[in-house]
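Here is my_file.cif, consisting of mmCIF, N, CA and C atoms:
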data_coords
loop_
_atom_site.label_atom_id
_atom_site.label_comp_id
_atom_site.auth_asym_id
_atom_site.auth_seq_id
_atom_site.Cartn_x
_atom_site.Cartn_y
_atom_site.Cartn_z
N MET A 1 37.55 -31.59 -6.71
CA MET A 1 37.51 -30.30 -7.36
C MET A 1 36.21 -29.59 -6.99
N LEU A 2 36.31 -28.32 -6.64
CA LEU A 2 35.14 -27.54 -6.25
C LEU A 2 34.36 -27.09 -7.47
N ASN A 3 33.04 -27.16 -7.33
CA ASN A 3 32.18 -26.63 -8.40
C ASN A 3 32.11 -25.11 -8.26
N PRO A 4 32.28 -24.40 -9.37
CA PRO A 4 32.16 -22.94 -9.27
C PRO A 4 30.72 -22.56 -8.92
N GLU A 5 30.62 -21.45 -8.25
CA GLU A 5 29.30 -20.95 -7.87
C GLU A 5 28.55 -20.50 -9.12
N PRO A 6 27.27 -20.84 -9.25
CA PRO A 6 26.52 -20.40 -10.43
C PRO A 6 26.37 -18.87 -10.45
N ASP A 7 26.29 -18.32 -11.66
CA ASP A 7 26.12 -16.88 -11.83
C ASP A 7 24.89 -16.37 -11.10
N SER A 8 23.88 -17.22 -11.00
CA SER A 8 22.63 -16.81 -10.35
C SER A 8 22.85 -16.40 -8.90
N LYS A 9 23.84 -16.98 -8.23
CA LYS A 9 24.11 -16.62 -6.83
C LYS A 9 24.63 -15.19 -6.73
N SER A 10 25.50 -14.80 -7.65
CA SER A 10 26.00 -13.42 -7.66
C SER A 10 24.88 -12.44 -7.90
N ARG A 11 23.99 -12.80 -8.80
CA ARG A 11 22.86 -11.90 -9.11
C ARG A 11 21.87 -11.83 -7.95
N LEU A 12 21.72 -12.94 -7.27
CA LEU A 12 20.85 -12.95 -6.09
C LEU A 12 21.43 -12.05 -5.00
N ARG A 13 22.74 -12.14 -4.77
CA ARG A 13 23.38 -11.25 -3.79
C ARG A 13 23.24 -9.78 -4.20
N LEU A 14 23.38 -9.50 -5.50
CA LEU A 14 23.21 -8.14 -6.00
C LEU A 14 21.80 -7.64 -5.70
N TRP A 15 20.79 -8.45 -5.99
CA TRP A 15 19.40 -8.07 -5.72
C TRP A 15 19.20 -7.76 -4.24
N LEU A 16 19.71 -8.60 -3.38
CA LEU A 16 19.55 -8.38 -1.94
C LEU A 16 20.26 -7.11 -1.49
N ARG A 17 21.43 -6.84 -2.06
CA ARG A 17 22.17 -5.62 -1.73
C ARG A 17 21.42 -4.38 -2.22
N LEU A 18 20.88 -4.43 -3.44
CA LEU A 18 20.09 -3.32 -3.97
C LEU A 18 18.88 -3.06 -3.08
N LEU A 19 18.20 -4.11 -2.69
CA LEU A 19 17.02 -3.98 -1.86
C LEU A 19 17.36 -3.37 -0.50
N LYS A 20 18.39 -3.89 0.13
CA LYS A 20 18.80 -3.38 1.45
C LYS A 20 19.23 -1.92 1.36
N THR A 21 20.00 -1.58 0.32
CA THR A 21 20.47 -0.21 0.15
C THR A 21 19.30 0.73 -0.12
N SER A 22 18.41 0.33 -1.00
CA SER A 22 17.24 1.15 -1.33
C SER A 22 16.38 1.40 -0.10
N ARG A 23 16.14 0.36 0.66
CA ARG A 23 15.33 0.52 1.89
C ARG A 23 16.02 1.44 2.89
N GLY A 24 17.33 1.32 3.00
CA GLY A 24 18.07 2.18 3.92
C GLY A 24 18.00 3.65 3.52
N ILE A 25 18.15 3.91 2.23
CA ILE A 25 18.06 5.29 1.74
C ILE A 25 16.65 5.81 1.96
N GLU A 26 15.65 5.01 1.63
CA GLU A 26 14.26 5.44 1.81
C GLU A 26 13.95 5.74 3.27
N THR A 27 14.44 4.91 4.17
CA THR A 27 14.22 5.14 5.60
C THR A 27 14.85 6.46 6.04
N THR A 28 16.05 6.73 5.57
CA THR A 28 16.72 7.98 5.91
C THR A 28 15.94 9.18 5.37
N LEU A 29 15.49 9.09 4.12
CA LEU A 29 14.72 10.19 3.53
C LEU A 29 13.42 10.43 4.29
N ARG A 30 12.73 9.36 4.64
CA ARG A 30 11.48 9.50 5.40
C ARG A 30 11.72 10.21 6.73
N GLU A 31 12.77 9.80 7.41
CA GLU A 31 13.08 10.40 8.71
C GLU A 31 13.46 11.87 8.57
N ARG A 32 14.27 12.20 7.60
CA ARG A 32 14.68 13.59 7.42
C ARG A 32 13.51 14.48 7.01
N LEU A 33 12.64 13.97 6.14
CA LEU A 33 11.45 14.75 5.76
C LEU A 33 10.57 15.00 6.98
N ARG A 34 10.44 13.97 7.83
CA ARG A 34 9.61 14.10 9.02
C ARG A 34 10.20 15.11 10.00
N VAL A 35 11.48 14.96 10.28
CA VAL A 35 12.14 15.80 11.29
C VAL A 35 12.32 17.24 10.81
N GLU A 36 12.80 17.41 9.59
CA GLU A 36 13.16 18.75 9.13
C GLU A 36 12.00 19.53 8.52
N PHE A 37 10.98 18.81 8.02
CA PHE A 37 9.89 19.51 7.33
C PHE A 37 8.50 19.08 7.81
N ASN A 38 8.45 18.20 8.81
CA ASN A 38 7.16 17.68 9.27
C ASN A 38 6.34 17.18 8.07
N SER A 39 7.00 16.42 7.21
CA SER A 39 6.38 15.93 5.98
C SER A 39 6.64 14.44 5.82
N THR A 40 6.09 13.90 4.73
CA THR A 40 6.24 12.48 4.45
C THR A 40 6.74 12.28 3.03
N LEU A 41 7.27 11.09 2.75
CA LEU A 41 7.73 10.78 1.41
C LEU A 41 6.56 10.72 0.42
N PRO A 42 5.42 10.12 0.76
CA PRO A 42 4.29 10.16 -0.18
C PRO A 42 3.84 11.59 -0.49
N ARG A 43 3.84 12.44 0.50
CA ARG A 43 3.47 13.85 0.29
C ARG A 43 4.47 14.50 -0.67
N PHE A 44 5.75 14.24 -0.46
CA PHE A 44 6.80 14.74 -1.35
C PHE A 44 6.56 14.26 -2.78
N ASP A 45 6.26 12.97 -2.94
CA ASP A 45 6.04 12.39 -4.27
C ASP A 45 4.84 13.04 -4.97
N VAL A 46 3.76 13.28 -4.24
CA VAL A 46 2.58 13.93 -4.81
C VAL A 46 2.93 15.35 -5.25
N MET A 47 3.61 16.08 -4.40
CA MET A 47 3.99 17.45 -4.75
C MET A 47 4.94 17.48 -5.93
N ALA A 48 5.85 16.53 -6.01
CA ALA A 48 6.79 16.46 -7.14
C ALA A 48 6.03 16.22 -8.44
N ALA A 49 5.05 15.34 -8.41
CA ALA A 49 4.25 15.08 -9.61
C ALA A 49 3.49 16.33 -10.02
N LEU A 50 2.92 17.02 -9.06
CA LEU A 50 2.17 18.25 -9.38
C LEU A 50 3.09 19.36 -9.87
N MET A 51 4.30 19.40 -9.38
CA MET A 51 5.26 20.42 -9.81
C MET A 51 5.58 20.24 -11.30
N ARG A 52 5.56 19.01 -11.76
CA ARG A 52 5.85 18.73 -13.17
C ARG A 52 4.67 19.05 -14.10
N HIS A 53 3.50 19.30 -13.51
CA HIS A 53 2.29 19.56 -14.30
C HIS A 53 1.64 20.84 -13.80
N GLU A 54 2.13 21.94 -14.32
CA GLU A 54 1.70 23.27 -13.86
C GLU A 54 0.19 23.47 -13.92
N ASP A 55 -0.45 22.91 -14.95
CA ASP A 55 -1.90 23.07 -15.11
C ASP A 55 -2.69 22.14 -14.19
N GLY A 56 -2.01 21.27 -13.51
CA GLY A 56 -2.67 20.34 -12.60
C GLY A 56 -2.95 19.00 -13.23
N LEU A 57 -3.43 18.09 -12.41
CA LEU A 57 -3.75 16.73 -12.82
C LEU A 57 -5.08 16.32 -12.23
N ARG A 58 -5.81 15.49 -12.94
CA ARG A 58 -6.97 14.84 -12.35
C ARG A 58 -6.45 13.82 -11.35
N MET A 59 -7.27 13.50 -10.39
CA MET A 59 -6.84 12.56 -9.35
C MET A 59 -6.42 11.22 -9.97
N SER A 60 -7.15 10.76 -10.96
CA SER A 60 -6.81 9.47 -11.59
C SER A 60 -5.46 9.56 -12.31
N GLU A 61 -5.17 10.71 -12.93
CA GLU A 61 -3.87 10.90 -13.59
C GLU A 61 -2.75 10.91 -12.56
N LEU A 62 -2.99 11.58 -11.45
CA LEU A 62 -1.99 11.65 -10.39
C LEU A 62 -1.71 10.26 -9.82
N ALA A 63 -2.77 9.54 -9.50
CA ALA A 63 -2.62 8.19 -8.95
C ALA A 63 -1.92 7.27 -9.96
N GLY A 64 -2.31 7.36 -11.22
CA GLY A 64 -1.69 6.52 -12.24
C GLY A 64 -0.21 6.83 -12.42
N GLY A 65 0.13 8.10 -12.40
CA GLY A 65 1.53 8.48 -12.54
C GLY A 65 2.39 8.02 -11.38
N LEU A 66 1.78 7.98 -10.21
CA LEU A 66 2.52 7.54 -9.01
C LEU A 66 2.41 6.04 -8.79
N LYS A 67 1.58 5.38 -9.60
CA LYS A 67 1.35 3.93 -9.50
C LYS A 67 0.80 3.53 -8.13
N VAL A 68 -0.18 4.32 -7.67
CA VAL A 68 -0.89 4.02 -6.42
C VAL A 68 -2.38 4.15 -6.69
N SER A 69 -3.18 3.76 -5.71
CA SER A 69 -4.63 3.85 -5.87
C SER A 69 -5.11 5.29 -5.66
N ASN A 70 -6.28 5.59 -6.22
CA ASN A 70 -6.88 6.91 -5.99
C ASN A 70 -7.05 7.17 -4.50
N GLY A 71 -7.42 6.14 -3.75
CA GLY A 71 -7.61 6.28 -2.31
C GLY A 71 -6.35 6.73 -1.60
N ASN A 72 -5.21 6.21 -2.03
CA ASN A 72 -3.94 6.62 -1.40
C ASN A 72 -3.67 8.09 -1.62
N VAL A 73 -3.99 8.59 -2.80
CA VAL A 73 -3.72 9.98 -3.15
C VAL A 73 -4.73 10.93 -2.50
N THR A 74 -5.96 10.48 -2.36
CA THR A 74 -7.03 11.36 -1.86
C THR A 74 -6.71 11.93 -0.48
N GLY A 75 -6.27 11.11 0.44
CA GLY A 75 -5.94 11.59 1.78
C GLY A 75 -4.81 12.60 1.78
N ILE A 76 -3.81 12.34 0.96
CA ILE A 76 -2.67 13.26 0.87
C ILE A 76 -3.13 14.60 0.30
N ILE A 77 -3.93 14.53 -0.75
CA ILE A 77 -4.43 15.77 -1.37
C ILE A 77 -5.29 16.55 -0.38
N GLU A 78 -6.14 15.87 0.37
CA GLU A 78 -6.99 16.57 1.36
C GLU A 78 -6.14 17.35 2.34
N ARG A 79 -5.07 16.74 2.84
CA ARG A 79 -4.21 17.43 3.80
C ARG A 79 -3.44 18.58 3.14
N LEU A 80 -3.02 18.38 1.89
CA LEU A 80 -2.33 19.45 1.18
C LEU A 80 -3.26 20.63 0.90
N VAL A 81 -4.52 20.35 0.62
CA VAL A 81 -5.51 21.43 0.43
C VAL A 81 -5.70 22.18 1.74
N GLU A 82 -5.84 21.44 2.84
CA GLU A 82 -6.01 22.07 4.16
C GLU A 82 -4.82 22.96 4.51
N ASP A 83 -3.63 22.56 4.06
CA ASP A 83 -2.41 23.32 4.34
C ASP A 83 -2.14 24.41 3.30
N ASP A 84 -3.08 24.63 2.40
CA ASP A 84 -2.95 25.63 1.32
C ASP A 84 -1.75 25.38 0.41
N MET A 85 -1.40 24.14 0.24
CA MET A 85 -0.30 23.77 -0.67
C MET A 85 -0.85 23.37 -2.04
N VAL A 86 -2.10 22.93 -2.07
CA VAL A 86 -2.74 22.46 -3.29
C VAL A 86 -4.13 23.07 -3.38
N GLU A 87 -4.57 23.31 -4.61
CA GLU A 87 -5.93 23.81 -4.83
C GLU A 87 -6.62 22.94 -5.88
N ARG A 88 -7.93 22.92 -5.80
CA ARG A 88 -8.74 22.23 -6.81
C ARG A 88 -9.18 23.26 -7.84
N VAL A 89 -9.15 22.88 -9.11
CA VAL A 89 -9.59 23.76 -10.18
C VAL A 89 -10.52 23.00 -11.11
N ALA A 90 -11.53 23.71 -11.60
CA ALA A 90 -12.49 23.10 -12.52
C ALA A 90 -11.83 22.81 -13.86
N VAL A 91 -12.32 21.74 -14.50
CA VAL A 91 -11.86 21.39 -15.85
C VAL A 91 -12.83 22.01 -16.84
N LYS A 92 -12.31 22.82 -17.74
CA LYS A 92 -13.16 23.46 -18.73
C LYS A 92 -13.88 22.39 -19.56
N GLY A 93 -15.19 22.61 -19.75
CA GLY A 93 -15.97 21.70 -20.58
C GLY A 93 -16.48 20.46 -19.86
N ASP A 94 -16.12 20.30 -18.58
CA ASP A 94 -16.61 19.14 -17.82
C ASP A 94 -16.91 19.61 -16.40
N ARG A 95 -18.18 19.92 -16.15
CA ARG A 95 -18.56 20.49 -14.86
C ARG A 95 -18.29 19.56 -13.68
N ARG A 96 -18.24 18.26 -13.94
CA ARG A 96 -18.05 17.31 -12.84
C ARG A 96 -16.58 17.08 -12.50
N ALA A 97 -15.70 17.40 -13.41
CA ALA A 97 -14.28 17.08 -13.24
C ALA A 97 -13.51 18.23 -12.60
N THR A 98 -12.52 17.86 -11.81
CA THR A 98 -11.59 18.83 -11.24
C THR A 98 -10.17 18.31 -11.38
N LYS A 99 -9.26 19.24 -11.34
CA LYS A 99 -7.84 18.93 -11.28
C LYS A 99 -7.31 19.48 -9.97
N VAL A 100 -6.17 18.99 -9.58
CA VAL A 100 -5.47 19.55 -8.43
C VAL A 100 -4.13 20.07 -8.91
N ARG A 101 -3.71 21.19 -8.33
CA ARG A 101 -2.42 21.77 -8.69
C ARG A 101 -1.84 22.47 -7.47
N LEU A 102 -0.53 22.66 -7.51
CA LEU A 102 0.14 23.35 -6.42
C LEU A 102 -0.25 24.82 -6.41
N THR A 103 -0.41 25.36 -5.22
CA THR A 103 -0.60 26.79 -5.07
C THR A 103 0.77 27.45 -5.16
N ARG A 104 0.80 28.76 -5.17
CA ARG A 104 2.08 29.47 -5.16
C ARG A 104 2.88 29.08 -3.93
N GLY A 105 2.21 29.05 -2.76
CA GLY A 105 2.88 28.63 -1.53
C GLY A 105 3.35 27.19 -1.60
N GLY A 106 2.57 26.34 -2.24
CA GLY A 106 2.95 24.94 -2.41
C GLY A 106 4.20 24.80 -3.25
N LYS A 107 4.30 25.61 -4.31
CA LYS A 107 5.49 25.57 -5.16
C LYS A 107 6.72 26.03 -4.39
N ILE A 108 6.58 27.09 -3.63
CA ILE A 108 7.70 27.60 -2.84
C ILE A 108 8.15 26.56 -1.82
N HIS A 109 7.18 25.96 -1.14
CA HIS A 109 7.50 24.93 -0.14
C HIS A 109 8.16 23.72 -0.81
N PHE A 110 7.61 23.29 -1.95
CA PHE A 110 8.18 22.12 -2.61
C PHE A 110 9.61 22.39 -3.06
N GLU A 111 9.89 23.59 -3.52
CA GLU A 111 11.26 23.91 -3.95
C GLU A 111 12.24 23.72 -2.79
N LYS A 112 11.83 24.07 -1.58
CA LYS A 112 12.69 23.86 -0.41
C LYS A 112 12.86 22.36 -0.14
N LEU A 113 11.76 21.61 -0.24
CA LEU A 113 11.83 20.16 -0.05
C LEU A 113 12.75 19.53 -1.09
N ALA A 114 12.58 19.92 -2.34
CA ALA A 114 13.36 19.33 -3.44
C ALA A 114 14.85 19.64 -3.29
N GLU A 115 15.16 20.85 -2.85
CA GLU A 115 16.56 21.22 -2.65
C GLU A 115 17.19 20.35 -1.55
N ALA A 116 16.46 20.19 -0.45
CA ALA A 116 16.96 19.34 0.64
C ALA A 116 17.08 17.89 0.19
N HIS A 117 16.07 17.40 -0.51
CA HIS A 117 16.05 16.02 -1.00
C HIS A 117 17.26 15.74 -1.88
N GLU A 118 17.54 16.66 -2.81
CA GLU A 118 18.69 16.48 -3.70
C GLU A 118 20.00 16.47 -2.91
N ALA A 119 20.12 17.34 -1.92
CA ALA A 119 21.33 17.38 -1.09
C ALA A 119 21.48 16.08 -0.30
N TRP A 120 20.37 15.55 0.22
CA TRP A 120 20.44 14.29 0.97
C TRP A 120 20.87 13.14 0.08
N ILE A 121 20.30 13.07 -1.12
CA ILE A 121 20.67 12.00 -2.05
C ILE A 121 22.15 12.14 -2.43
N ASP A 122 22.58 13.37 -2.66
CA ASP A 122 23.99 13.61 -2.99
C ASP A 122 24.89 13.12 -1.86
N GLU A 123 24.49 13.40 -0.65
CA GLU A 123 25.26 12.95 0.52
C GLU A 123 25.25 11.42 0.63
N LEU A 124 24.08 10.82 0.52
CA LEU A 124 23.94 9.38 0.70
C LEU A 124 24.63 8.57 -0.39
N LEU A 125 24.70 9.13 -1.60
CA LEU A 125 25.34 8.42 -2.71
C LEU A 125 26.68 9.06 -3.09
N GLY A 126 27.23 9.84 -2.17
CA GLY A 126 28.47 10.56 -2.42
C GLY A 126 29.68 9.68 -2.66
N ALA A 127 29.60 8.41 -2.32
CA ALA A 127 30.72 7.50 -2.56
C ALA A 127 30.89 7.20 -4.05
N PHE A 128 29.87 7.49 -4.84
CA PHE A 128 29.94 7.25 -6.29
C PHE A 128 30.46 8.48 -7.02
N ALA A 129 31.47 8.30 -7.82
CA ALA A 129 31.89 9.36 -8.74
C ALA A 129 30.75 9.56 -9.74
N PRO A 130 30.58 10.76 -10.28
CA PRO A 130 29.48 10.99 -11.22
C PRO A 130 29.45 9.98 -12.38
N GLU A 131 30.62 9.65 -12.94
CA GLU A 131 30.64 8.70 -14.06
C GLU A 131 30.22 7.29 -13.61
N ASP A 132 30.57 6.92 -12.37
CA ASP A 132 30.14 5.62 -11.84
C ASP A 132 28.63 5.61 -11.61
N ALA A 133 28.10 6.72 -11.11
CA ALA A 133 26.65 6.83 -10.91
C ALA A 133 25.92 6.74 -12.24
N ASP A 134 26.45 7.40 -13.27
CA ASP A 134 25.84 7.33 -14.60
C ASP A 134 25.87 5.91 -15.15
N TYR A 135 27.01 5.23 -14.97
CA TYR A 135 27.14 3.85 -15.46
C TYR A 135 26.15 2.93 -14.75
N LEU A 136 26.11 3.01 -13.43
CA LEU A 136 25.21 2.15 -12.67
C LEU A 136 23.75 2.45 -13.02
N SER A 137 23.44 3.71 -13.19
CA SER A 137 22.08 4.10 -13.56
C SER A 137 21.70 3.50 -14.92
N ALA A 138 22.63 3.52 -15.87
CA ALA A 138 22.38 2.93 -17.19
C ALA A 138 22.18 1.42 -17.09
N GLN A 139 22.98 0.78 -16.25
CA GLN A 139 22.83 -0.67 -16.06
C GLN A 139 21.47 -1.01 -15.45
N LEU A 140 21.07 -0.23 -14.47
CA LEU A 140 19.77 -0.47 -13.84
C LEU A 140 18.63 -0.17 -14.81
N GLN A 141 18.81 0.80 -15.70
CA GLN A 141 17.80 1.09 -16.72
C GLN A 141 17.64 -0.11 -17.65
N THR A 142 18.75 -0.77 -17.97
CA THR A 142 18.69 -1.97 -18.80
C THR A 142 17.86 -3.05 -18.12
N VAL A 143 18.06 -3.23 -16.84
CA VAL A 143 17.28 -4.22 -16.09
C VAL A 143 15.80 -3.82 -16.09
N GLU A 144 15.53 -2.53 -15.84
CA GLU A 144 14.15 -2.06 -15.83
C GLU A 144 13.48 -2.30 -17.18
N ASP A 145 14.20 -1.99 -18.26
CA ASP A 145 13.66 -2.20 -19.60
C ASP A 145 13.34 -3.69 -19.84
N GLN A 146 14.20 -4.57 -19.36
CA GLN A 146 13.97 -6.01 -19.53
C GLN A 146 12.75 -6.49 -18.76
N THR A 147 12.51 -5.90 -17.59
CA THR A 147 11.38 -6.35 -16.78
C THR A 147 10.05 -5.88 -17.34
N HIS A 148 10.07 -4.88 -18.23
CA HIS A 148 8.83 -4.37 -18.83
C HIS A 148 8.52 -5.01 -20.17
N ASP A 149 9.42 -5.86 -20.65
CA ASP A 149 9.18 -6.54 -21.94
C ASP A 149 8.23 -7.71 -21.77
#

As structure tokens, please, write out the structure in this file.
Amino acid sequence: MLNPEPDSKSRLRLWLRLLKTSRGIETTLRERLRVEFNSTLPRFDVMAALMRHEDGLRMSELAGGLKVSNGNVTGIIERLVEDDMVERVAVKGDRRATKVRLTRGGKIHFEKLAEAHEAWIDELLGAFAPEDADYLSAQLQTVEDQTHD
């Protein structure tokens, strides 16, 4: 009599499939950002974070929100400032502190990036009906919640 496969094997295969799929999507997004906008995924992520904070963020807040080091963000911000996409602004009451925020041109450019990004994700995950995507998203949220306990 054959022993049934342990549940852990199914979950291991699921993890490997999630990882492979995620990497494939990320690779496609990186390539499309590079080819169509001469941009990068980290640059997109920084601009997305700044778009959510109209008044700007301190570098440490930006790095913390993106879960990367200040050093990783600094180079991206420098290039965005050079490209007039981001500006530095003084923090009232603290002469040493500055925040960074999107310029008007940065907001306009990011809106184009975000529109393309959403269309690419829609295309790449188009095999999922909206209700299936919602269900899977809820299941993955459960896993995420468990890993933070």

Residues picked by the PyMOL selection byres (((chain A and resi 37 and name CA) around 12) and name CA) here, as a PDB file with N, CA and C atoms, in the coordinates of the input?
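Output (selection_5.pdb):
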ATOM      1  N   LEU A  29      15.490   9.090   4.120  1.00  0.00           N
ATOM      2  CA  LEU A  29      14.720  10.190   3.530  1.00  0.00           C
ATOM      3  C   LEU A  29      13.420  10.430   4.290  1.00  0.00           C
ATOM      4  N   ARG A  30      12.730   9.360   4.640  1.00  0.00           N
ATOM      5  CA  ARG A  30      11.480   9.500   5.400  1.00  0.00           C
ATOM      6  C   ARG A  30      11.720  10.210   6.730  1.00  0.00           C
ATOM      7  N   GLU A  31      12.770   9.800   7.410  1.00  0.00           N
ATOM      8  CA  GLU A  31      13.080  10.400   8.710  1.00  0.00           C
ATOM      9  C   GLU A  31      13.460  11.870   8.570  1.00  0.00           C
ATOM     10  N   ARG A  32      14.270  12.200   7.600  1.00  0.00           N
ATOM     11  CA  ARG A  32      14.680  13.590   7.420  1.00  0.00           C
ATOM     12  C   ARG A  32      13.510  14.480   7.010  1.00  0.00           C
ATOM     13  N   LEU A  33      12.640  13.970   6.140  1.00  0.00           N
ATOM     14  CA  LEU A  33      11.450  14.750   5.760  1.00  0.00           C
ATOM     15  C   LEU A  33      10.570  15.000   6.980  1.00  0.00           C
ATOM     16  N   ARG A  34      10.440  13.970   7.830  1.00  0.00           N
ATOM     17  CA  ARG A  34       9.610  14.100   9.020  1.00  0.00           C
ATOM     18  C   ARG A  34      10.200  15.110  10.000  1.00  0.00           C
ATOM     19  N   VAL A  35      11.480  14.960  10.280  1.00  0.00           N
ATOM     20  CA  VAL A  35      12.140  15.800  11.290  1.00  0.00           C
ATOM     21  C   VAL A  35      12.320  17.240  10.810  1.00  0.00           C
ATOM     22  N   GLU A  36      12.800  17.410   9.590  1.00  0.00           N
ATOM     23  CA  GLU A  36      13.160  18.750   9.130  1.00  0.00           C
ATOM     24  C   GLU A  36      12.000  19.530   8.520  1.00  0.00           C
ATOM     25  N   ASN A  38       8.450  18.200   8.810  1.00  0.00           N
ATOM     26  CA  ASN A  38       7.160  17.680   9.270  1.00  0.00           C
ATOM     27  C   ASN A  38       6.340  17.180   8.070  1.00  0.00           C
ATOM     28  N   SER A  39       7.000  16.420   7.210  1.00  0.00           N
ATOM     29  CA  SER A  39       6.380  15.930   5.980  1.00  0.00           C
ATOM     30  C   SER A  39       6.640  14.440   5.820  1.00  0.00           C
ATOM     31  N   THR A  40       6.090  13.900   4.730  1.00  0.00           N
ATOM     32  CA  THR A  40       6.240  12.480   4.450  1.00  0.00           C
ATOM     33  C   THR A  40       6.740  12.280   3.030  1.00  0.00           C
ATOM     34  N   LEU A  41       7.270  11.090   2.750  1.00  0.00           N
ATOM     35  CA  LEU A  41       7.730  10.780   1.410  1.00  0.00           C
ATOM     36  C   LEU A  41       6.560  10.720   0.420  1.00  0.00           C
ATOM     37  N   ARG A  43       3.840  12.440   0.500  1.00  0.00           N
ATOM     38  CA  ARG A  43       3.470  13.850   0.290  1.00  0.00           C
ATOM     39  C   ARG A  43       4.470  14.500  -0.670  1.00  0.00           C
ATOM     40  N   PHE A  44       5.750  14.240  -0.460  1.00  0.00           N
ATOM     41  CA  PHE A  44       6.800  14.740  -1.350  1.00  0.00           C
ATOM     42  C   PHE A  44       6.560  14.260  -2.780  1.00  0.00           C
ATOM     43  N   HIS A 109       7.180  25.960  -1.140  1.00  0.00           N
ATOM     44  CA  HIS A 109       7.500  24.930  -0.140  1.00  0.00           C
ATOM     45  C   HIS A 109       8.160  23.720  -0.810  1.00  0.00           C
ATOM     46  N   PHE A 110       7.610  23.290  -1.950  1.00  0.00           N
ATOM     47  CA  PHE A 110       8.180  22.120  -2.610  1.00  0.00           C
ATOM     48  C   PHE A 110       9.610  22.390  -3.060  1.00  0.00           C
ATOM     49  N   LYS A 112      11.830  24.070  -1.580  1.00  0.00           N
ATOM     50  CA  LYS A 112      12.690  23.860  -0.410  1.00  0.00           C
ATOM     51  C   LYS A 112      12.860  22.360  -0.140  1.00  0.00           C
ATOM     52  N   LEU A 113      11.760  21.610  -0.240  1.00  0.00           N
ATOM     53  CA  LEU A 113      11.830  20.160  -0.050  1.00  0.00           C
ATOM     54  C   LEU A 113      12.750  19.530  -1.090  1.00  0.00           C
ATOM     55  N   ALA A 114      12.580  19.920  -2.340  1.00  0.00           N
ATOM     56  CA  ALA A 114      13.360  19.330  -3.440  1.00  0.00           C
ATOM     57  C   ALA A 114      14.850  19.640  -3.290  1.00  0.00           C
ATOM     58  N   ALA A 116      16.460  20.190  -0.450  1.00  0.00           N
ATOM     59  CA  ALA A 116      16.960  19.340   0.640  1.00  0.00           C
ATOM     60  C   ALA A 116      17.080  17.890   0.190  1.00  0.00           C
ATOM     61  N   HIS A 117      16.070  17.400  -0.510  1.00  0.00           N
ATOM     62  CA  HIS A 117      16.050  16.020  -1.000  1.00  0.00           C
ATOM     63  C   HIS A 117      17.260  15.740  -1.880  1.00  0.00           C
TER      64      HIS A 117
END

Just the helix (DSSP H, G or I) stuff from segment 49-82 of chain A, please, per backbone DSSP, written as a compact mmCIF listing (two decimals) with N, CA and C atoms, in the frame of the given file.
# COMPACT_ATOMS: atom_id res chain seq x y z
N ALA A 49 5.05 15.34 -8.41
CA ALA A 49 4.25 15.08 -9.61
C ALA A 49 3.49 16.33 -10.02
N LEU A 50 2.92 17.02 -9.06
CA LEU A 50 2.17 18.25 -9.38
C LEU A 50 3.09 19.36 -9.87
N MET A 51 4.30 19.40 -9.38
CA MET A 51 5.26 20.42 -9.81
C MET A 51 5.58 20.24 -11.30
N MET A 59 -7.27 13.50 -10.39
CA MET A 59 -6.84 12.56 -9.35
C MET A 59 -6.42 11.22 -9.97
N SER A 60 -7.15 10.76 -10.96
CA SER A 60 -6.81 9.47 -11.59
C SER A 60 -5.46 9.56 -12.31
N GLU A 61 -5.17 10.71 -12.93
CA GLU A 61 -3.87 10.90 -13.59
C GLU A 61 -2.75 10.91 -12.56
N LEU A 62 -2.99 11.58 -11.45
CA LEU A 62 -1.99 11.65 -10.39
C LEU A 62 -1.71 10.26 -9.82
N ALA A 63 -2.77 9.54 -9.50
CA ALA A 63 -2.62 8.19 -8.95
C ALA A 63 -1.92 7.27 -9.96
N GLY A 64 -2.31 7.36 -11.22
CA GLY A 64 -1.69 6.52 -12.24
C GLY A 64 -0.21 6.83 -12.42
N GLY A 65 0.13 8.10 -12.40
CA GLY A 65 1.53 8.48 -12.54
C GLY A 65 2.39 8.02 -11.38
N LEU A 66 1.78 7.98 -10.21
CA LEU A 66 2.52 7.54 -9.01
C LEU A 66 2.41 6.04 -8.79
N ASN A 70 -6.28 5.59 -6.22
CA ASN A 70 -6.88 6.91 -5.99
C ASN A 70 -7.05 7.17 -4.50
N GLY A 71 -7.42 6.14 -3.75
CA GLY A 71 -7.61 6.28 -2.31
C GLY A 71 -6.35 6.73 -1.60
N ASN A 72 -5.21 6.21 -2.03
CA ASN A 72 -3.94 6.62 -1.40
C ASN A 72 -3.67 8.09 -1.62
N VAL A 73 -3.99 8.59 -2.80
CA VAL A 73 -3.72 9.98 -3.15
C VAL A 73 -4.73 10.93 -2.50
N THR A 74 -5.96 10.48 -2.36
CA THR A 74 -7.03 11.36 -1.86
C THR A 74 -6.71 11.93 -0.48
N GLY A 75 -6.27 11.11 0.44
CA GLY A 75 -5.94 11.59 1.78
C GLY A 75 -4.81 12.60 1.78
N ILE A 76 -3.81 12.34 0.96
CA ILE A 76 -2.67 13.26 0.87
C ILE A 76 -3.13 14.60 0.30
N ILE A 77 -3.93 14.53 -0.75
CA ILE A 77 -4.43 15.77 -1.37
C ILE A 77 -5.29 16.55 -0.38
N GLU A 78 -6.14 15.87 0.37
CA GLU A 78 -6.99 16.57 1.36
C GLU A 78 -6.14 17.35 2.34
N ARG A 79 -5.07 16.74 2.84
CA ARG A 79 -4.21 17.43 3.80
C ARG A 79 -3.44 18.58 3.14
N LEU A 80 -3.02 18.38 1.89
CA LEU A 80 -2.33 19.45 1.18
C LEU A 80 -3.26 20.63 0.90
N VAL A 81 -4.52 20.35 0.62
CA VAL A 81 -5.51 21.43 0.43
C VAL A 81 -5.70 22.18 1.74
N GLU A 82 -5.84 21.44 2.84
CA GLU A 82 -6.01 22.07 4.16
C GLU A 82 -4.82 22.96 4.51

Filtered DSSP result for segment 85-137 of chain A, state strand (DSSP E), as a ChimeraX atom specification: /A:86-91,94-102

Atomic distance atom N of Gly106 of chain A - atom N of Gly71 of chain A, expressed in Å with one decimal: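 Distance between the two atoms: 22.6 Å.
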